[in-house]
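Shown next: final-v8.pdb, containing PDB, C-alpha atoms.
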MODEL        1
ATOM      1  CA  MET Q 161    -180.782 -38.710-195.346
ATOM      2  CA  PRO Q 162    -178.835 -36.917-192.576
ATOM      3  CA  ASN Q 163    -181.095 -35.868-189.698
ATOM      4  CA  VAL Q 164    -180.126 -32.181-189.648
ATOM      5  CA  GLN Q 165    -181.274 -30.601-186.385
ATOM      6  CA  PRO Q 166    -183.243 -27.361-186.752
ATOM      7  CA  HIS Q 167    -181.353 -25.183-184.261
ATOM      8  CA  ILE Q 168    -177.793 -26.472-183.990
ATOM      9  CA  GLN Q 169    -177.819 -27.303-187.733
ATOM     10  CA  LEU Q 170    -175.747 -30.476-187.176
ATOM     11  CA  ASP Q 171    -176.476 -34.088-188.116
ATOM     12  CA  ASP Q 172    -175.301 -37.599-187.297
ATOM     13  CA  THR Q 173    -172.747 -37.719-190.131
ATOM     14  CA  LEU Q 174    -170.391 -35.976-187.665
ATOM     15  CA  GLU Q 175    -170.157 -39.300-185.789
ATOM     16  CA  VAL Q 176    -169.071 -37.655-182.543
ATOM     17  CA  LYS Q 177    -169.723 -38.934-179.012
ATOM     18  CA  TYR Q 178    -168.324 -36.125-176.879
ATOM     19  CA  ALA Q 179    -169.264 -32.450-176.710
ATOM     20  CA  LEU Q 180    -168.127 -29.396-174.771
ATOM     21  CA  LEU Q 181    -170.895 -26.896-174.041
ATOM     22  CA  PRO Q 182    -169.683 -23.345-173.432
ATOM     23  CA  GLY Q 183    -172.288 -20.618-173.238
ATOM     24  CA  ASP Q 184    -170.485 -17.890-175.147
ATOM     25  CA  PRO Q 185    -169.845 -18.456-178.888
ATOM     26  CA  ALA Q 186    -166.565 -16.532-178.511
ATOM     27  CA  ARG Q 187    -165.286 -19.192-176.107
ATOM     28  CA  LEU Q 188    -164.829 -21.544-179.052
ATOM     29  CA  ASP Q 189    -161.871 -19.412-180.108
ATOM     30  CA  ARG Q 190    -160.229 -20.281-176.790
ATOM     31  CA  ILE Q 191    -161.139 -23.981-176.981
ATOM     32  CA  SER Q 192    -159.652 -24.318-180.453
ATOM     33  CA  PRO Q 193    -155.952 -24.171-179.376
ATOM     34  CA  PHE Q 194    -156.465 -27.264-177.216
ATOM     35  CA  LEU Q 195    -157.561 -29.319-180.236
ATOM     36  CA  GLU Q 196    -155.984 -30.615-183.420
ATOM     37  CA  ASN Q 197    -157.512 -30.756-186.900
ATOM     38  CA  VAL Q 198    -160.005 -28.063-185.973
ATOM     39  CA  MET Q 199    -162.840 -27.323-188.365
ATOM     40  CA  GLU Q 200    -165.639 -24.805-187.920
ATOM     41  CA  VAL Q 201    -168.957 -26.501-188.604
ATOM     42  CA  LYS Q 202    -171.999 -24.233-188.179
ATOM     43  CA  PHE Q 203    -173.090 -20.966-186.602
ATOM     44  CA  ASN Q 204    -176.859 -20.608-186.285
ATOM     45  CA  ARG Q 205    -178.494 -18.362-183.698
ATOM     46  CA  GLU Q 206    -176.467 -18.853-180.483
ATOM     47  CA  TYR Q 207    -175.186 -22.262-181.580
ATOM     48  CA  ARG Q 208    -171.671 -21.955-182.962
ATOM     49  CA  SER Q 209    -169.871 -25.267-183.389
ATOM     50  CA  LEU Q 210    -166.454 -26.628-184.243
ATOM     51  CA  ILE Q 211    -164.986 -30.094-184.283
ATOM     52  CA  GLY Q 212    -161.453 -31.299-183.616
ATOM     53  CA  THR Q 213    -159.477 -34.013-181.884
ATOM     54  CA  TYR Q 214    -157.885 -34.235-178.455
ATOM     55  CA  LYS Q 215    -155.413 -37.092-177.915
ATOM     56  CA  GLY Q 216    -156.976 -38.802-180.896
ATOM     57  CA  ILE Q 217    -160.570 -38.455-179.657
ATOM     58  CA  LYS Q 218    -163.079 -36.532-181.740
ATOM     59  CA  ILE Q 219    -164.566 -33.632-179.792
ATOM     60  CA  LEU Q 220    -167.404 -31.305-180.694
ATOM     61  CA  ALA Q 221    -167.607 -27.868-179.075
ATOM     62  CA  ILE Q 222    -170.874 -25.982-179.375
ATOM     63  CA  SER Q 223    -172.041 -22.799-177.674
ATOM     64  CA  THR Q 224    -175.478 -22.738-176.073
ATOM     65  CA  GLY Q 225    -176.071 -19.042-175.431
ATOM     66  CA  ILE Q 226    -177.522 -17.819-172.153
ATOM     67  CA  GLY Q 227    -179.991 -19.795-170.058
ATOM     68  CA  GLY Q 228    -181.482 -23.209-169.598
ATOM     69  CA  ALA Q 229    -183.949 -22.991-172.479
ATOM     70  CA  SER Q 230    -181.313 -22.694-175.195
ATOM     71  CA  ALA Q 231    -178.983 -25.134-173.400
ATOM     72  CA  GLY Q 232    -181.827 -27.642-173.202
ATOM     73  CA  ILE Q 233    -182.422 -27.413-176.941
ATOM     74  CA  ALA Q 234    -178.736 -28.156-177.480
ATOM     75  CA  VAL Q 235    -178.906 -31.233-175.261
ATOM     76  CA  GLU Q 236    -181.968 -32.551-177.090
ATOM     77  CA  GLU Q 237    -180.539 -32.017-180.570
ATOM     78  CA  LEU Q 238    -177.078 -33.336-179.695
ATOM     79  CA  HIS Q 239    -178.727 -36.473-178.334
ATOM     80  CA  ASN Q 240    -180.600 -36.787-181.616
ATOM     81  CA  ILE Q 241    -177.337 -36.914-183.580
ATOM     82  CA  GLY Q 242    -175.691 -39.494-181.340
ATOM     83  CA  VAL Q 243    -173.692 -37.485-178.798
ATOM     84  CA  GLU Q 244    -173.313 -39.581-175.647
ATOM     85  CA  ALA Q 245    -171.530 -37.300-173.161
ATOM     86  CA  LEU Q 246    -171.681 -33.535-172.575
ATOM     87  CA  ILE Q 247    -169.676 -31.291-170.278
ATOM     88  CA  ARG Q 248    -170.746 -27.719-169.669
ATOM     89  CA  ILE Q 249    -167.723 -25.427-169.398
ATOM     90  CA  GLY Q 250    -169.317 -22.247-168.172
ATOM     91  CA  SER Q 251    -168.972 -19.318-165.827
ATOM     92  CA  CYS Q 252    -170.626 -18.664-162.494
ATOM     93  CA  GLY Q 253    -170.813 -16.255-159.599
ATOM     94  CA  SER Q 254    -169.506 -17.308-156.205
ATOM     95  CA  LEU Q 255    -171.846 -17.748-153.252
ATOM     96  CA  GLN Q 256    -169.057 -18.629-150.802
ATOM     97  CA  PRO Q 257    -165.973 -16.654-149.690
ATOM     98  CA  LYS Q 258    -163.752 -19.697-150.297
ATOM     99  CA  VAL Q 259    -164.594 -19.770-154.026
ATOM    100  CA  LYS Q 260    -162.213 -17.179-155.406
ATOM    101  CA  MET Q 261    -161.975 -15.532-158.811
ATOM    102  CA  GLY Q 262    -160.848 -18.109-161.365
ATOM    103  CA  ASP Q 263    -161.567 -21.121-159.135
ATOM    104  CA  ILE Q 264    -163.422 -23.957-160.806
ATOM    105  CA  ILE Q 265    -166.411 -25.807-159.401
ATOM    106  CA  LEU Q 266    -167.134 -29.410-160.353
ATOM    107  CA  VAL Q 267    -170.877 -29.453-159.840
ATOM    108  CA  SER Q 268    -172.243 -32.438-157.906
ATOM    109  CA  GLY Q 269    -175.842 -31.257-158.027
ATOM    110  CA  ALA Q 270    -177.865 -28.218-159.008
ATOM    111  CA  VAL Q 271    -180.731 -26.323-157.405
ATOM    112  CA  ARG Q 272    -183.432 -26.258-160.073
ATOM    113  CA  ASP Q 273    -184.360 -22.598-159.711
ATOM    114  CA  ASP Q 274    -184.854 -22.336-163.474
ATOM    115  CA  GLY Q 275    -187.851 -22.707-165.710
ATOM    116  CA  ALA Q 276    -186.496 -24.976-168.438
ATOM    117  CA  SER Q 277    -185.904 -28.070-166.313
ATOM    118  CA  LYS Q 278    -189.321 -27.723-164.680
ATOM    119  CA  THR Q 279    -191.056 -28.008-168.034
ATOM    120  CA  TYR Q 280    -189.791 -31.600-168.171
ATOM    121  CA  VAL Q 281    -190.351 -33.018-164.694
ATOM    122  CA  ASP Q 282    -191.482 -31.964-161.229
ATOM    123  CA  ALA Q 283    -189.020 -29.837-159.250
ATOM    124  CA  MET Q 284    -188.504 -32.609-156.680
ATOM    125  CA  PHE Q 285    -186.594 -34.592-159.335
ATOM    126  CA  PRO Q 286    -182.863 -34.083-158.681
ATOM    127  CA  ALA Q 287    -180.492 -32.386-161.108
ATOM    128  CA  VAL Q 288    -177.281 -34.391-160.804
ATOM    129  CA  PRO Q 289    -174.374 -35.210-163.129
ATOM    130  CA  ASP Q 290    -173.414 -38.616-164.421
ATOM    131  CA  THR Q 291    -171.317 -40.234-161.699
ATOM    132  CA  ASP Q 292    -168.629 -41.618-164.016
ATOM    133  CA  LEU Q 293    -168.205 -38.283-165.776
ATOM    134  CA  LEU Q 294    -168.056 -36.322-162.518
ATOM    135  CA  PHE Q 295    -165.431 -38.714-161.121
ATOM    136  CA  ALA Q 296    -163.457 -38.398-164.361
ATOM    137  CA  CYS Q 297    -163.475 -34.604-163.949
ATOM    138  CA  VAL Q 298    -162.311 -34.892-160.336
ATOM    139  CA  GLU Q 299    -159.472 -37.258-161.240
ATOM    140  CA  SER Q 300    -158.426 -35.082-164.171
ATOM    141  CA  ALA Q 301    -158.261 -31.975-161.991
ATOM    142  CA  LYS Q 302    -156.170 -33.816-159.416
ATOM    143  CA  GLU Q 303    -153.781 -35.207-162.018
ATOM    144  CA  LYS Q 304    -153.272 -31.768-163.575
ATOM    145  CA  ASN Q 305    -152.829 -30.144-160.146
ATOM    146  CA  ILE Q 306    -155.739 -27.814-160.817
ATOM    147  CA  PRO Q 307    -157.413 -26.615-157.604
ATOM    148  CA  PHE Q 308    -161.154 -27.125-157.547
ATOM    149  CA  HIS Q 309    -164.261 -27.197-155.400
ATOM    150  CA  THR Q 310    -166.930 -29.889-155.588
ATOM    151  CA  GLY Q 311    -170.472 -29.169-154.533
ATOM    152  CA  ILE Q 312    -173.884 -27.737-155.330
ATOM    153  CA  ALA Q 313    -174.642 -24.907-157.732
ATOM    154  CA  ARG Q 314    -177.879 -22.997-158.259
ATOM    155  CA  SER Q 315    -179.284 -22.455-161.733
ATOM    156  CA  HIS Q 316    -181.561 -19.453-162.225
ATOM    157  CA  ASP Q 317    -183.096 -17.414-165.034
ATOM    158  CA  SER Q 318    -182.124 -13.778-164.450
ATOM    159  CA  PHE Q 319    -179.433 -11.543-162.952
ATOM    160  CA  TYR Q 320    -181.894  -8.705-162.554
ATOM    161  CA  THR Q 321    -184.687  -9.781-160.223
ATOM    162  CA  ASP Q 322    -185.674  -7.253-157.560
ATOM    163  CA  ASP Q 323    -184.522  -9.473-154.667
ATOM    164  CA  GLU Q 324    -181.305 -10.844-156.132
ATOM    165  CA  ASP Q 325    -179.114 -10.035-153.114
ATOM    166  CA  ALA Q 326    -181.545 -11.673-150.707
ATOM    167  CA  ILE Q 327    -181.849 -14.729-152.929
ATOM    168  CA  ASP Q 328    -178.065 -15.110-153.102
ATOM    169  CA  ALA Q 329    -177.793 -14.751-149.321
ATOM    170  CA  PHE Q 330    -180.434 -17.452-148.800
ATOM    171  CA  TRP Q 331    -178.641 -20.012-150.973
ATOM    172  CA  SER Q 332    -175.239 -19.047-149.610
ATOM    173  CA  LYS Q 333    -176.448 -19.993-146.124
ATOM    174  CA  LYS Q 334    -177.477 -23.390-147.522
ATOM    175  CA  GLY Q 335    -173.899 -24.064-148.612
ATOM    176  CA  VAL Q 336    -174.431 -23.599-152.342
ATOM    177  CA  LEU Q 337    -171.074 -22.798-153.957
ATOM    178  CA  GLY Q 338    -172.092 -20.691-156.945
ATOM    179  CA  CYS Q 339    -174.827 -19.840-159.405
ATOM    180  CA  ASP Q 340    -175.190 -20.169-163.158
ATOM    181  CA  MET Q 341    -178.095 -20.362-165.593
ATOM    182  CA  GLU Q 342    -177.704 -23.671-167.463
ATOM    183  CA  THR Q 343    -176.479 -26.573-165.317
ATOM    184  CA  ALA Q 344    -179.837 -27.697-163.909
ATOM    185  CA  ALA Q 345    -181.413 -27.946-167.346
ATOM    186  CA  ILE Q 346    -178.431 -29.808-168.795
ATOM    187  CA  PHE Q 347    -178.376 -32.312-165.922
ATOM    188  CA  THR Q 348    -182.138 -32.882-165.913
ATOM    189  CA  ILE Q 349    -182.662 -33.192-169.658
ATOM    190  CA  GLY Q 350    -179.471 -35.181-170.119
ATOM    191  CA  HIS Q 351    -180.597 -37.735-167.545
ATOM    192  CA  LEU Q 352    -184.045 -38.059-169.083
ATOM    193  CA  ARG Q 353    -182.498 -38.654-172.517
ATOM    194  CA  GLY Q 354    -179.791 -41.055-171.335
ATOM    195  CA  VAL Q 355    -176.915 -38.669-172.033
ATOM    196  CA  LYS Q 356    -173.988 -38.461-169.617
ATOM    197  CA  THR Q 357    -173.556 -34.908-168.339
ATOM    198  CA  ALA Q 358    -171.196 -32.914-166.145
ATOM    199  CA  SER Q 359    -170.707 -29.227-165.432
ATOM    200  CA  ILE Q 360    -167.513 -27.320-164.699
ATOM    201  CA  LEU Q 361    -167.980 -23.699-163.691
ATOM    202  CA  ASN Q 362    -165.298 -21.016-163.707
ATOM    203  CA  ASN Q 363    -165.983 -18.378-161.076
ATOM    204  CA  VAL Q 364    -165.956 -14.896-162.611
ATOM    205  CA  VAL Q 365    -167.744 -12.984-159.822
ATOM    206  CA  GLU Q 366    -166.324 -12.765-156.309
ATOM    207  CA  TYR Q 367    -168.605 -13.516-153.384
ATOM    208  CA  GLN Q 368    -170.768 -10.402-152.831
ATOM    209  CA  GLY Q 369    -168.979  -8.751-155.750
ATOM    210  CA  ASP Q 370    -170.471  -6.682-158.537
ATOM    211  CA  THR Q 371    -171.766  -8.990-161.268
ATOM    212  CA  LEU Q 372    -171.650  -6.427-164.073
ATOM    213  CA  ASP Q 373    -168.081  -5.309-163.366
ATOM    214  CA  SER Q 374    -166.861  -8.896-163.022
ATOM    215  CA  ILE Q 375    -168.411 -10.035-166.295
ATOM    216  CA  VAL Q 376    -167.000  -7.032-168.144
ATOM    217  CA  ASN Q 377    -163.531  -7.808-166.772
ATOM    218  CA  TYR Q 378    -163.931 -11.457-167.804
ATOM    219  CA  VAL Q 379    -164.894 -10.530-171.359
ATOM    220  CA  ASP Q 380    -161.939  -8.144-171.485
ATOM    221  CA  GLY Q 381    -159.536 -10.948-170.517
ATOM    222  CA  GLU Q 382    -159.066 -10.529-166.758
ATOM    223  CA  SER Q 383    -156.211 -12.889-165.885
ATOM    224  CA  LEU Q 384    -157.592 -15.072-163.074
ATOM    225  CA  SER Q 385    -160.882 -15.662-164.864
ATOM    226  CA  MET Q 386    -159.104 -16.527-168.105
ATOM    227  CA  GLN Q 387    -156.842 -19.003-166.296
ATOM    228  CA  GLY Q 388    -159.945 -20.563-164.767
ATOM    229  CA  GLU Q 389    -161.395 -20.938-168.235
ATOM    230  CA  LYS Q 390    -158.265 -22.696-169.484
ATOM    231  CA  ASN Q 391    -158.390 -24.986-166.465
ATOM    232  CA  GLU Q 392    -162.002 -25.997-167.024
ATOM    233  CA  ILE Q 393    -161.385 -26.718-170.705
ATOM    234  CA  LEU Q 394    -158.400 -28.920-169.894
ATOM    235  CA  VAL Q 395    -160.215 -30.801-167.126
ATOM    236  CA  ALA Q 396    -163.194 -31.476-169.400
ATOM    237  CA  LEU Q 397    -161.045 -32.742-172.262
ATOM    238  CA  GLU Q 398    -159.054 -35.014-169.974
ATOM    239  CA  ALA Q 399    -162.319 -36.343-168.510
ATOM    240  CA  PHE Q 400    -163.455 -37.346-171.993
ATOM    241  CA  VAL Q 401    -160.171 -39.213-172.471
ATOM    242  CA  LYS Q 402    -160.819 -41.124-169.255
ATOM    243  CA  LEU Q 403    -164.373 -41.894-170.282
ATOM    244  CA  GLU Q 404    -163.218 -43.133-173.678
ATOM    245  CA  LYS Q 405    -160.592 -45.388-172.106
ATOM    246  CA  GLY Q 406    -162.970 -46.626-169.444
ATOM    247  CA  LEU Q 407    -160.682 -45.457-166.639
ATOM    248  CA  SER Q 408    -163.189 -43.399-164.683
TER     249      SER Q 408
ENDMDL
END
Show me this structure written as structure tokens.
Amino acid sequence: MPNVQPHIQLDDTLEVKYALLPGDPARLDRISPFLENVMEVKFNREYRSLIGTYKGIKILAISTGIGGASAGIAVEELHNIGVEALIRIGSCGSLQPKVKMGDIILVSGAVRDDGASKTYVDAMFPAVPDTDLLFACVESAKEKNIPFHTGIARSHDSFYTDDEDAIDAFWSKKGVLGCDMETAAIFTIGHLRGVKTASILNNVVEYQGDTLDSIVNYVDGESLSMQGEKNEILVALEAFVKLEKGLS
């Protein structure tokens, strides 16, 4: 009997090792043109999935919604059906002037300022990507002449806390490049389950910019942000090719 997972509604008959994890279900429409033989699979709650091939390698793309809790469920259930490597292709807000709109960040570690990862293990446990997968992302970006930053991101649980500006200023002074809501949970849970993980973040909010306006512009197709999204998709897919070939 196939082991159908309760939330993502997928099972191990897919026989897929590699998965892209966007947050937004609509982002699958923009992943699809990069793949061949694309087939929509399921759409349950925030988890919309499709499967296709890239350079002959089977790739699953599945949205995770907003936040570490739903992303963590995706990691757990994808592990249960045999997925071995996951790359988050998400958006973030910049915490440094050098990270411009549409720049991508290859995350080398995440501040665990979320709740989901802390339900698994003490906060002193590091949230870091798989080394091979991170190096594959770096090499892919270089080969495709895609500019990128490598460094630390902060994962959090809300855009609307009372002290958000002060919190951002604190982490900016610590050299954190940007903030998202999912990376820490994906790294932490992936490591505990033996799944290779990486995170590529497309900056959609300028440093000290207005989050609401930036996100609205991104959804509406603002050009730099959309180019950043294309870049992160391409880098992630090429990284999977390297991992498959054992070149990373």
* **stretch 328-340 of chain Q environment, 9 Å, only C-alpha atoms, sequence neighbours closer than 3 positions dropped, as a PyMOL selection string** => chain Q and resi 227+250-256+258-259+265+267+270-271+309-317+323-325+343-344+361+363+367-368
* Measuring atom to atom with all atoms listed in the file, identify which of Q:Gly242, Q:Gly388, Q:Pro307, Q:Gly228 is nearest to Q:Lys177. => Q:Gly242
* To do: I would like the residues chosen by the PyMOL selection byres ((chain Q and resi 348-359) around 7) on the shown file; could you give them as a list of chain:residue names?
  =>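 On the file shown, the PyMOL selection byres ((chain Q and resi 348-359) around 7) covers Q:Gly232, Q:Val235, Q:His239, Q:Glu244, Q:Ala245, Q:Leu246, Q:Ile247, Q:Arg248, Q:Ile249, Q:Leu266, Q:Val267, Q:Ser277, Q:Ala287, Q:Pro289, Q:Asp290, Q:Leu293, Q:Leu294, Q:Thr343, Q:Ala344, Q:Ala345, Q:Ile346, Q:Phe347, Q:Ile360, Q:Leu361.
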* Using only C-alpha atoms, give me every residue within 10 Å of (-179.5, -18.2, -186.2) in file coordinates, as a VMD selection string. => chain Q and resid 166 to 169 202 to 208
* To do: Have a look at Q:Ile219, Q:Ala229, Q:Leu210, Q:Ala399 and name the one nearest to Q:Thr279; count all atoms listed in the file.
  => Q:Ala229
